[in-house]
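What follows is a single structure, written as structure tokens, with notes after it.
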Amino acid sequence: MDYPFLLFTFGFVCLSLMFGIFPPQEFWSSGLTLENALSRWLGSEEDSFVMYNIRRVSSTLLFVACLPFLYVFLAEHWYPEVSDAIKAWEYGSALLVSVFIATLSLAIAAGTAMWLSAASPDALGWSNSTTAVLLGKFACHLQLRSWWDVANQIDSEYKEIDKFTSILSGWNARTIVTRSWIIRVGLYRVDFARQDLCQLEVVRADSHSVSLQGDVTGAQFVTIKVHTDVEGVPDFCLRLNSREFDSFRGYVLAPIHVPDGVVLIKSVIEQFVIAFREQVSSNEPLSPEDFPDPPDNCAGCSLVPADVVLRKYCEGSNCVSCRCRPAWCTTCMGLWFAHQQDQQRPESWMRGTAPCPNCRSVFCVRDVCPVGESEWETIPVPDN
């Protein structure tokens, strides 16, 4: 009778871990999570970010607290042979202990639910949750009425399109940066830091030979400690892929201190773009007289003017002439070129070819001609 009992226990533990306690990435991708099962009750994170995560964290904690009761209930009612095995266990008080643990866990779960949903005089509910208490400290520091005022501000900024979001596979944690807030969303806790009231420091950068993103050079992860100046608000750490570090740094207001002993490794594509720019700068520049109109902003990033054109100057038989006007900057053209190559053989990228982003004419690195922005200013623009 021990075999079905052990088999049931093993299956229950595995399902509990994968469904609620610490779901793996495969379960997240397929939607087999407690969060997805309670999606109707949780509501929309886009509409109410703070309340959504308060309900999500609370429901996860309650689910974990109820697991012992659920285990005993299923063992007693679904599998009679398991029930007999428990009763015949060599420890005579095993059943009594199991019932006691189940009852205690259910009492803790019920008490926690009532405690979390209890409203304070100046709020509508959930004021005893860890998230509400944390936001209440920010409200006190910012001289606001209650944590709801802080929550409304966070909800409003989260709805904006321009924000940084990173999901780290395997850690079930998200990093979100809005105009005023840095947020870490975990399974059992949500941490907040106001951008003008915190300091950031890189505390560790660990490299791995295998990358889940398919980078042949491996992956490097950066741990960033966020220290807040608000009394009572604990510090927390963010974990990012080093490829996202520059983007993250562009969204935060405070400078990020990187100690001398921490070395951030650039990705293989970033290293290629640097080499690509060096090669293009040594290519034959094209005279701006061929284009009477000044260039538009880059079609890829829309941030800087287009500064390269494609003209066949190499001796390769595969490359053909391209007559497109300048439409891309050097960096975006390098990124386009890199993504057209065999991602498993980065050592051959510089010798490869790629189609023009506009007309699909084949070109190589030697065919990318720079056009200096200052040279366009010397050309008179015809009147319309």
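The chains in the structure tokens are called A, B, ... from first to last as shown; in each chain the residues are counted from 1, and the ligands are counted from 1 in the order shown.
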
At most 12 Å is the cut-off: for each residue in stretch 122-228 of chain A with any atom that close to an atom of stretch 35-57 of chain A, write down the nearest atom pair and the distance in Å rounded to one decimal, counting only C-alpha atoms, chain first then increasing number, as JSON lines.
{"residue": "A:Leu124", "atom": "CA", "partner": "A:Met51", "partner_atom": "CA", "distance": 11.3}
{"residue": "A:Gly125", "atom": "CA", "partner": "A:Met51", "partner_atom": "CA", "distance": 10.0}
{"residue": "A:Trp126", "atom": "CA", "partner": "A:Ile54", "partner_atom": "CA", "distance": 7.8}
{"residue": "A:Ser127", "atom": "CA", "partner": "A:Ile54", "partner_atom": "CA", "distance": 10.0}
{"residue": "A:Asn128", "atom": "CA", "partner": "A:Ile54", "partner_atom": "CA", "distance": 10.4}
{"residue": "A:Ser129", "atom": "CA", "partner": "A:Ile54", "partner_atom": "CA", "distance": 7.1}
{"residue": "A:Thr130", "atom": "CA", "partner": "A:Ile54", "partner_atom": "CA", "distance": 8.2}
{"residue": "A:Thr131", "atom": "CA", "partner": "A:Ile54", "partner_atom": "CA", "distance": 6.5}
{"residue": "A:Ala132", "atom": "CA", "partner": "A:Ile54", "partner_atom": "CA", "distance": 8.0}
{"residue": "A:Val133", "atom": "CA", "partner": "A:Ile54", "partner_atom": "CA", "distance": 11.1}
{"residue": "A:Leu134", "atom": "CA", "partner": "A:Ile54", "partner_atom": "CA", "distance": 11.5}
{"residue": "A:Leu135", "atom": "CA", "partner": "A:Val50", "partner_atom": "CA", "distance": 9.8}
{"residue": "A:Trp147", "atom": "CA", "partner": "A:Val50", "partner_atom": "CA", "distance": 10.4}
{"residue": "A:Trp148", "atom": "CA", "partner": "A:Val50", "partner_atom": "CA", "distance": 9.3}
{"residue": "A:Asp149", "atom": "CA", "partner": "A:Val50", "partner_atom": "CA", "distance": 11.2}
{"residue": "A:Val150", "atom": "CA", "partner": "A:Val50", "partner_atom": "CA", "distance": 9.5}
{"residue": "A:Ala151", "atom": "CA", "partner": "A:Val50", "partner_atom": "CA", "distance": 5.9}
{"residue": "A:Asn152", "atom": "CA", "partner": "A:Val50", "partner_atom": "CA", "distance": 8.1}
{"residue": "A:Gln153", "atom": "CA", "partner": "A:Val50", "partner_atom": "CA", "distance": 9.9}
{"residue": "A:Ile154", "atom": "CA", "partner": "A:Val50", "partner_atom": "CA", "distance": 7.4}
{"residue": "A:Asp155", "atom": "CA", "partner": "A:Phe49", "partner_atom": "CA", "distance": 5.4}
{"residue": "A:Ser156", "atom": "CA", "partner": "A:Ser48", "partner_atom": "CA", "distance": 8.6}
{"residue": "A:Glu157", "atom": "CA", "partner": "A:Phe49", "partner_atom": "CA", "distance": 9.7}
{"residue": "A:Tyr158", "atom": "CA", "partner": "A:Phe49", "partner_atom": "CA", "distance": 7.1}
{"residue": "A:Lys159", "atom": "CA", "partner": "A:Glu46", "partner_atom": "CA", "distance": 6.1}
{"residue": "A:Glu160", "atom": "CA", "partner": "A:Glu46", "partner_atom": "CA", "distance": 9.6}
{"residue": "A:Ile161", "atom": "CA", "partner": "A:Glu46", "partner_atom": "CA", "distance": 10.7}
{"residue": "A:Ile176", "atom": "CA", "partner": "A:Phe49", "partner_atom": "CA", "distance": 11.4}
{"residue": "A:Ile183", "atom": "CA", "partner": "A:Val50", "partner_atom": "CA", "distance": 10.8}
{"residue": "A:Arg184", "atom": "CA", "partner": "A:Asn53", "partner_atom": "CA", "distance": 11.2}
{"residue": "A:Val185", "atom": "CA", "partner": "A:Asn53", "partner_atom": "CA", "distance": 8.2}
{"residue": "A:Gly186", "atom": "CA", "partner": "A:Val57", "partner_atom": "CA", "distance": 8.5}
{"residue": "A:Leu187", "atom": "CA", "partner": "A:Val57", "partner_atom": "CA", "distance": 6.5}
{"residue": "A:Tyr188", "atom": "CA", "partner": "A:Val57", "partner_atom": "CA", "distance": 5.2}
{"residue": "A:Arg189", "atom": "CA", "partner": "A:Val57", "partner_atom": "CA", "distance": 6.4}
{"residue": "A:Val190", "atom": "CA", "partner": "A:Asn53", "partner_atom": "CA", "distance": 7.5}
{"residue": "A:Asp191", "atom": "CA", "partner": "A:Asn53", "partner_atom": "CA", "distance": 10.9}
{"residue": "A:Phe192", "atom": "CA", "partner": "A:Val50", "partner_atom": "CA", "distance": 10.7}

Go ahead and write the selection's residues with N, CA and C atoms as a compact mmCIF listing (two decimals), in the first residue's frame.
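Now in out29.txt:
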# COMPACT_ATOMS: atom_id res chain seq x y z
N LEU A 124 -10.52 51.55 0.54
CA LEU A 124 -11.64 50.70 0.18
C LEU A 124 -11.39 49.23 0.46
N GLY A 125 -10.18 48.83 0.71
CA GLY A 125 -9.91 47.43 0.97
C GLY A 125 -8.48 47.06 0.67
N TRP A 126 -8.07 45.86 1.12
CA TRP A 126 -6.74 45.32 0.89
C TRP A 126 -5.65 46.20 1.51
N SER A 127 -6.00 46.98 2.50
CA SER A 127 -5.02 47.91 3.07
C SER A 127 -3.96 47.22 3.90
N ASN A 128 -4.20 45.96 4.27
CA ASN A 128 -3.23 45.23 5.07
C ASN A 128 -2.31 44.36 4.23
N SER A 129 -2.48 44.37 2.92
CA SER A 129 -1.58 43.60 2.07
C SER A 129 -0.20 44.25 2.06
N THR A 130 0.81 43.44 1.76
CA THR A 130 2.18 43.96 1.78
C THR A 130 2.37 45.08 0.76
N THR A 131 1.70 44.98 -0.38
CA THR A 131 1.83 46.02 -1.40
C THR A 131 1.21 47.33 -0.92
N ALA A 132 0.03 47.25 -0.29
CA ALA A 132 -0.62 48.46 0.20
C ALA A 132 0.20 49.11 1.32
N VAL A 133 0.75 48.30 2.21
CA VAL A 133 1.59 48.85 3.28
C VAL A 133 2.82 49.54 2.70
N LEU A 134 3.41 48.92 1.68
CA LEU A 134 4.60 49.50 1.05
C LEU A 134 4.26 50.83 0.38
N LEU A 135 3.16 50.87 -0.36
CA LEU A 135 2.76 52.11 -1.02
C LEU A 135 2.34 53.17 0.00
N TRP A 147 -2.44 55.25 0.38
CA TRP A 147 -1.73 54.46 -0.62
C TRP A 147 -2.49 54.38 -1.93
N TRP A 148 -3.80 54.63 -1.90
CA TRP A 148 -4.58 54.61 -3.14
C TRP A 148 -4.13 55.72 -4.09
N ASP A 149 -3.70 56.86 -3.56
CA ASP A 149 -3.22 57.94 -4.43
C ASP A 149 -1.95 57.51 -5.15
N VAL A 150 -1.06 56.81 -4.44
CA VAL A 150 0.15 56.30 -5.08
C VAL A 150 -0.20 55.23 -6.10
N ALA A 151 -1.14 54.35 -5.74
CA ALA A 151 -1.55 53.29 -6.67
C ALA A 151 -2.15 53.87 -7.95
N ASN A 152 -2.95 54.91 -7.83
CA ASN A 152 -3.54 55.53 -9.02
C ASN A 152 -2.46 56.14 -9.92
N GLN A 153 -1.43 56.71 -9.31
CA GLN A 153 -0.34 57.27 -10.10
C GLN A 153 0.40 56.17 -10.86
N ILE A 154 0.66 55.05 -10.18
CA ILE A 154 1.35 53.93 -10.83
C ILE A 154 0.48 53.34 -11.95
N ASP A 155 -0.82 53.19 -11.68
CA ASP A 155 -1.72 52.66 -12.71
C ASP A 155 -1.72 53.55 -13.95
N SER A 156 -1.73 54.85 -13.73
CA SER A 156 -1.76 55.79 -14.85
C SER A 156 -0.49 55.69 -15.69
N GLU A 157 0.67 55.59 -15.03
CA GLU A 157 1.93 55.51 -15.77
C GLU A 157 2.09 54.15 -16.45
N TYR A 158 1.55 53.09 -15.84
CA TYR A 158 1.68 51.76 -16.44
C TYR A 158 0.89 51.66 -17.74
N LYS A 159 -0.16 52.44 -17.88
CA LYS A 159 -0.96 52.41 -19.10
C LYS A 159 -0.24 53.06 -20.28
N GLU A 160 0.79 53.85 -20.00
CA GLU A 160 1.53 54.51 -21.07
C GLU A 160 2.33 53.49 -21.88
N ILE A 161 2.45 53.76 -23.15
CA ILE A 161 3.17 52.84 -24.04
C ILE A 161 4.67 52.90 -23.80
N ILE A 176 9.85 46.46 -14.52
CA ILE A 176 9.08 47.49 -15.22
C ILE A 176 9.60 48.85 -14.78
N ILE A 183 9.79 49.04 -10.81
CA ILE A 183 8.95 48.02 -10.20
C ILE A 183 9.52 46.64 -10.51
N ARG A 184 9.58 45.81 -9.49
CA ARG A 184 9.92 44.40 -9.68
C ARG A 184 8.71 43.57 -9.30
N VAL A 185 8.20 42.80 -10.25
CA VAL A 185 7.01 41.99 -10.04
C VAL A 185 7.44 40.54 -9.88
N GLY A 186 7.29 39.99 -8.68
CA GLY A 186 7.63 38.61 -8.42
C GLY A 186 6.38 37.79 -8.13
N LEU A 187 6.57 36.50 -7.90
CA LEU A 187 5.44 35.62 -7.63
C LEU A 187 4.75 35.96 -6.31
N TYR A 188 5.53 36.27 -5.29
CA TYR A 188 4.98 36.46 -3.96
C TYR A 188 5.15 37.87 -3.42
N ARG A 189 5.69 38.77 -4.25
CA ARG A 189 5.92 40.12 -3.75
C ARG A 189 6.11 41.06 -4.94
N VAL A 190 5.68 42.31 -4.75
CA VAL A 190 5.91 43.37 -5.73
C VAL A 190 6.66 44.48 -5.02
N ASP A 191 7.83 44.84 -5.55
CA ASP A 191 8.66 45.89 -4.96
C ASP A 191 8.57 47.15 -5.81
N PHE A 192 8.62 48.30 -5.12
CA PHE A 192 8.51 49.59 -5.79
C PHE A 192 9.65 50.49 -5.33

request  = Would you list the contacts of stretch 340-355 of chain A as a ChimeraX atom specification, taking every protein, DNA or RNA residue within 10 Å and counting only C-alpha atoms, but skipping same-chain residues closer than 2 positions in sequence?
outcome  = /A:214-217,268-269,272,275-276,279,316,318-320,322,335-338,357-367

Store the residues picked out above in a file with C-alpha atoms, as a PDB file, in the first residue's frame.
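New file selection.pdb:
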ATOM      1  CA  GLY A 214      19.844  31.351 -28.713  1.00  0.00           C
ATOM      2  CA  ASP A 215      22.895  33.612 -28.495  1.00  0.00           C
ATOM      3  CA  VAL A 216      25.844  31.483 -29.611  1.00  0.00           C
ATOM      4  CA  THR A 217      28.214  33.376 -27.322  1.00  0.00           C
ATOM      5  CA  VAL A 268      27.731  39.216 -30.453  1.00  0.00           C
ATOM      6  CA  ILE A 269      25.431  41.480 -32.488  1.00  0.00           C
ATOM      7  CA  PHE A 272      29.468  43.050 -34.910  1.00  0.00           C
ATOM      8  CA  ALA A 275      33.080  46.293 -36.370  1.00  0.00           C
ATOM      9  CA  PHE A 276      30.522  47.064 -39.098  1.00  0.00           C
ATOM     10  CA  GLN A 279      34.453  49.019 -41.829  1.00  0.00           C
ATOM     11  CA  GLY A 316      31.945  39.940 -55.698  1.00  0.00           C
ATOM     12  CA  ASN A 318      26.703  38.009 -56.072  1.00  0.00           C
ATOM     13  CA  CYS A 319      26.345  41.717 -55.297  1.00  0.00           C
ATOM     14  CA  VAL A 320      24.298  43.929 -57.606  1.00  0.00           C
ATOM     15  CA  CYS A 322      21.358  49.406 -55.713  1.00  0.00           C
ATOM     16  CA  LEU A 335      21.700  45.319 -37.314  1.00  0.00           C
ATOM     17  CA  TRP A 336      19.798  44.450 -40.487  1.00  0.00           C
ATOM     18  CA  PHE A 337      22.914  42.921 -42.026  1.00  0.00           C
ATOM     19  CA  ALA A 338      23.650  40.850 -38.902  1.00  0.00           C
ATOM     20  CA  PRO A 357      15.958  46.495 -46.886  1.00  0.00           C
ATOM     21  CA  ASN A 358      14.110  48.439 -49.598  1.00  0.00           C
ATOM     22  CA  CYS A 359      14.711  46.918 -53.044  1.00  0.00           C
ATOM     23  CA  ARG A 360      16.212  43.544 -51.987  1.00  0.00           C
ATOM     24  CA  SER A 361      19.389  44.052 -54.044  1.00  0.00           C
ATOM     25  CA  VAL A 362      22.223  41.920 -52.683  1.00  0.00           C
ATOM     26  CA  PHE A 363      25.119  43.809 -51.081  1.00  0.00           C
ATOM     27  CA  CYS A 364      28.111  43.175 -48.832  1.00  0.00           C
ATOM     28  CA  VAL A 365      29.871  45.308 -46.231  1.00  0.00           C
ATOM     29  CA  ARG A 366      32.173  46.833 -48.871  1.00  0.00           C
ATOM     30  CA  ASP A 367      29.106  48.203 -50.690  1.00  0.00           C
TER      31      ASP A 367
END

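We find atom CA of A:Ala173 and atom CA of A:Asp246 to be spaced 19.2 Å apart.
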
key: Shell around A:Asn172 at 8 Å using only C-alpha atoms, local window under 5 positions removed, as JSON, numbers by chain   = {"A": [22, 23, 24, 25, 167, 186, 187]}

Dump as a tab-separated table (two decimals), in the first residue's frame, selection limited to N, CA and C atoms:
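After the write, part_39.tsv holds the following:
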chain	number	residue	atom	x	y	z
A	22	PHE	N	6.09	27.46	-7.95
A	22	PHE	CA	7.14	28.00	-8.81
A	22	PHE	C	6.98	27.42	-10.21
A	23	PRO	N	6.01	27.92	-10.98
A	23	PRO	CA	5.75	27.35	-12.31
A	23	PRO	C	6.91	27.58	-13.26
A	24	PRO	N	7.32	26.57	-14.01
A	24	PRO	CA	8.41	26.74	-14.98
A	24	PRO	C	7.94	27.53	-16.19
A	25	GLN	N	8.90	27.88	-17.03
A	25	GLN	CA	8.60	28.70	-18.20
A	25	GLN	C	7.62	28.01	-19.14
A	167	ILE	N	11.15	40.50	-18.99
A	167	ILE	CA	10.75	39.25	-18.35
A	167	ILE	C	11.93	38.31	-18.42
A	186	GLY	N	7.29	39.99	-8.68
A	186	GLY	CA	7.63	38.61	-8.42
A	186	GLY	C	6.38	37.79	-8.13
A	187	LEU	N	6.57	36.50	-7.90
A	187	LEU	CA	5.44	35.62	-7.63
A	187	LEU	C	4.75	35.96	-6.31

request  = Compile the contact shell of A:Thr165 as a PyMOL selection string: residues with an atom at most 9 Å away, counting only C-alpha atoms, same-chain residues fewer than 6 positions apart removed.
outcome  = chain A and resi 174-178+248

Could you turn the residues from that selection into a file that holds C-alpha atoms, as an mmCIF file, in the first residue's frame?
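Once written, result12.cif looks like this:
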data_model
loop_
_atom_site.group_PDB
_atom_site.id
_atom_site.type_symbol
_atom_site.label_atom_id
_atom_site.label_comp_id
_atom_site.auth_asym_id
_atom_site.auth_seq_id
_atom_site.Cartn_x
_atom_site.Cartn_y
_atom_site.Cartn_z
ATOM 1 C CA ARG A 174 9.423 41.106 -14.365
ATOM 2 C CA THR A 175 11.170 44.451 -14.301
ATOM 3 C CA ILE A 176 9.081 47.492 -15.221
ATOM 4 C CA VAL A 177 10.278 51.090 -15.461
ATOM 5 C CA THR A 178 7.780 53.912 -15.957
ATOM 6 C CA PHE A 248 17.114 49.888 -19.066
#

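The shortest atom-to-atom distance to A:Lys312, with only C-alpha atoms taken into account, belongs to A:Asn283 out of A:Asn283, A:Cys237, A:Thr60, A:Ala75.
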
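Minimum atom-to-atom distances from A:Val13, A:Cys324, A:Leu34, A:Leu286 to A:Ser59 were compared using only C-alpha atoms, and the lowest value belongs to A:Leu34.
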
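One distance worth recording is that between atom CA of A:Lys266 and atom CA of A:Tyr251, which is 19.1 Å.
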
Would you please extract all helix (DSSP H, G or I) residues from stretch 13-77 of chain A, as assigned by DSSP on the backbone, and give them as a short mmCIF file (atom, residue, chain, number, x, y, z; two decimals) with N, CA and C atoms, in the first residue's frame?
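As written to disk, states-v6.cif reads:
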data_model
loop_
_atom_site.label_atom_id
_atom_site.label_comp_id
_atom_site.auth_asym_id
_atom_site.auth_seq_id
_atom_site.Cartn_x
_atom_site.Cartn_y
_atom_site.Cartn_z
N VAL A 13 3.11 16.83 -5.18
CA VAL A 13 4.19 17.80 -4.97
C VAL A 13 4.62 18.41 -6.30
N CYS A 14 4.76 17.59 -7.33
CA CYS A 14 5.19 18.10 -8.64
C CYS A 14 4.17 19.07 -9.22
N LEU A 15 2.89 18.71 -9.16
CA LEU A 15 1.86 19.59 -9.70
C LEU A 15 1.76 20.88 -8.90
N SER A 16 1.92 20.79 -7.58
CA SER A 16 1.87 22.00 -6.76
C SER A 16 3.01 22.94 -7.09
N LEU A 17 4.19 22.37 -7.28
CA LEU A 17 5.34 23.21 -7.62
C LEU A 17 5.18 23.86 -8.99
N MET A 18 4.75 23.08 -9.97
CA MET A 18 4.69 23.58 -11.34
C MET A 18 3.49 24.47 -11.60
N PHE A 19 2.39 24.27 -10.86
CA PHE A 19 1.19 25.05 -11.11
C PHE A 19 1.13 26.33 -10.30
N GLY A 20 1.55 26.28 -9.03
CA GLY A 20 1.36 27.45 -8.19
C GLY A 20 2.59 27.97 -7.49
N ILE A 21 3.41 27.06 -6.93
CA ILE A 21 4.52 27.51 -6.09
C ILE A 21 5.63 28.15 -6.92
N GLN A 25 8.90 27.88 -17.03
CA GLN A 25 8.60 28.70 -18.20
C GLN A 25 7.62 28.01 -19.14
N GLU A 26 7.71 26.68 -19.25
CA GLU A 26 6.81 25.95 -20.13
C GLU A 26 5.36 26.07 -19.68
N PHE A 27 5.12 26.07 -18.38
CA PHE A 27 3.76 26.24 -17.87
C PHE A 27 3.27 27.66 -18.11
N TRP A 28 4.16 28.65 -17.96
CA TRP A 28 3.78 30.03 -18.24
C TRP A 28 3.39 30.19 -19.71
N SER A 29 4.16 29.59 -20.59
CA SER A 29 3.90 29.75 -22.02
C SER A 29 2.58 29.10 -22.43
N SER A 30 2.24 27.98 -21.80
CA SER A 30 1.00 27.28 -22.15
C SER A 30 -0.20 27.76 -21.35
N LEU A 34 -1.77 29.40 -11.94
CA LEU A 34 -2.85 29.86 -11.08
C LEU A 34 -3.34 31.24 -11.53
N GLU A 35 -2.43 32.07 -11.97
CA GLU A 35 -2.81 33.41 -12.43
C GLU A 35 -3.77 33.34 -13.61
N ASN A 36 -3.52 32.44 -14.53
CA ASN A 36 -4.40 32.31 -15.68
C ASN A 36 -5.74 31.69 -15.29
N ALA A 37 -5.72 30.77 -14.33
CA ALA A 37 -6.97 30.15 -13.88
C ALA A 37 -7.89 31.15 -13.18
N SER A 39 -8.00 34.42 -13.87
CA SER A 39 -7.93 35.65 -14.67
C SER A 39 -9.20 36.49 -14.57
N ARG A 40 -10.37 35.84 -14.48
CA ARG A 40 -11.62 36.61 -14.40
C ARG A 40 -11.71 37.39 -13.09
N TRP A 41 -11.29 36.77 -12.00
CA TRP A 41 -11.35 37.45 -10.71
C TRP A 41 -10.25 38.50 -10.58
N LEU A 42 -9.09 38.22 -11.14
CA LEU A 42 -7.98 39.16 -11.03
C LEU A 42 -8.23 40.44 -11.82
N PHE A 49 -3.10 48.07 -12.48
CA PHE A 49 -1.87 47.31 -12.25
C PHE A 49 -1.71 46.93 -10.78
N VAL A 50 -1.90 47.88 -9.89
CA VAL A 50 -1.65 47.63 -8.47
C VAL A 50 -2.65 46.63 -7.90
N MET A 51 -3.95 46.84 -8.13
CA MET A 51 -4.95 45.93 -7.58
C MET A 51 -4.83 44.54 -8.19
N TYR A 52 -4.49 44.47 -9.45
CA TYR A 52 -4.30 43.17 -10.09
C TYR A 52 -3.22 42.38 -9.38
N ASN A 53 -2.10 43.01 -9.10
CA ASN A 53 -0.99 42.30 -8.47
C ASN A 53 -1.23 42.05 -6.99
N ILE A 54 -2.02 42.90 -6.33
CA ILE A 54 -2.40 42.61 -4.94
C ILE A 54 -3.23 41.34 -4.90
N ARG A 55 -4.22 41.24 -5.79
CA ARG A 55 -5.05 40.03 -5.82
C ARG A 55 -4.23 38.81 -6.24
N ARG A 56 -3.32 39.00 -7.20
CA ARG A 56 -2.53 37.87 -7.68
C ARG A 56 -1.62 37.33 -6.58
N VAL A 57 -0.90 38.22 -5.90
CA VAL A 57 0.00 37.78 -4.83
C VAL A 57 -0.78 37.15 -3.69
N SER A 58 -1.91 37.76 -3.32
CA SER A 58 -2.72 37.22 -2.22
C SER A 58 -3.27 35.85 -2.56
N SER A 59 -3.77 35.69 -3.77
CA SER A 59 -4.33 34.39 -4.17
C SER A 59 -3.24 33.32 -4.23
N THR A 60 -2.03 33.70 -4.64
CA THR A 60 -0.93 32.74 -4.67
C THR A 60 -0.56 32.29 -3.26
N LEU A 61 -0.49 33.24 -2.33
CA LEU A 61 -0.17 32.89 -0.94
C LEU A 61 -1.26 32.02 -0.33
N LEU A 62 -2.52 32.33 -0.61
CA LEU A 62 -3.61 31.52 -0.08
C LEU A 62 -3.60 30.12 -0.67
N PHE A 63 -3.28 30.02 -1.94
CA PHE A 63 -3.21 28.71 -2.58
C PHE A 63 -2.12 27.85 -1.93
N VAL A 64 -0.97 28.44 -1.69
CA VAL A 64 0.12 27.70 -1.06
C VAL A 64 -0.25 27.29 0.36
N ALA A 65 -0.95 28.18 1.08
CA ALA A 65 -1.35 27.86 2.46
C ALA A 65 -2.37 26.73 2.51
N CYS A 66 -3.18 26.59 1.47
CA CYS A 66 -4.21 25.56 1.45
C CYS A 66 -3.71 24.22 0.92
N LEU A 67 -2.48 24.15 0.46
CA LEU A 67 -1.99 22.91 -0.14
C LEU A 67 -2.00 21.72 0.84
N PRO A 68 -1.58 21.88 2.11
CA PRO A 68 -1.66 20.72 3.02
C PRO A 68 -3.08 20.19 3.18
N PHE A 69 -4.06 21.10 3.33
CA PHE A 69 -5.45 20.66 3.44
C PHE A 69 -5.89 19.94 2.17
N LEU A 70 -5.53 20.49 1.02
CA LEU A 70 -5.90 19.86 -0.25
C LEU A 70 -5.26 18.48 -0.39
N TYR A 71 -4.04 18.35 0.09
CA TYR A 71 -3.33 17.07 0.02
C TYR A 71 -4.05 16.00 0.83
N VAL A 72 -4.39 16.33 2.09
CA VAL A 72 -5.07 15.35 2.94
C VAL A 72 -6.47 15.05 2.41
N PHE A 73 -7.16 16.07 1.92
CA PHE A 73 -8.52 15.86 1.41
C PHE A 73 -8.51 14.91 0.22
N LEU A 74 -7.60 15.13 -0.72
CA LEU A 74 -7.54 14.25 -1.89
C LEU A 74 -7.10 12.85 -1.51
N ALA A 75 -6.15 12.74 -0.59
CA ALA A 75 -5.67 11.43 -0.17
C ALA A 75 -6.76 10.61 0.50
N GLU A 76 -7.64 11.28 1.25
CA GLU A 76 -8.68 10.58 1.99
C GLU A 76 -9.89 10.22 1.12
N HIS A 77 -10.17 11.02 0.10
CA HIS A 77 -11.42 10.85 -0.63
C HIS A 77 -11.24 10.30 -2.05
#
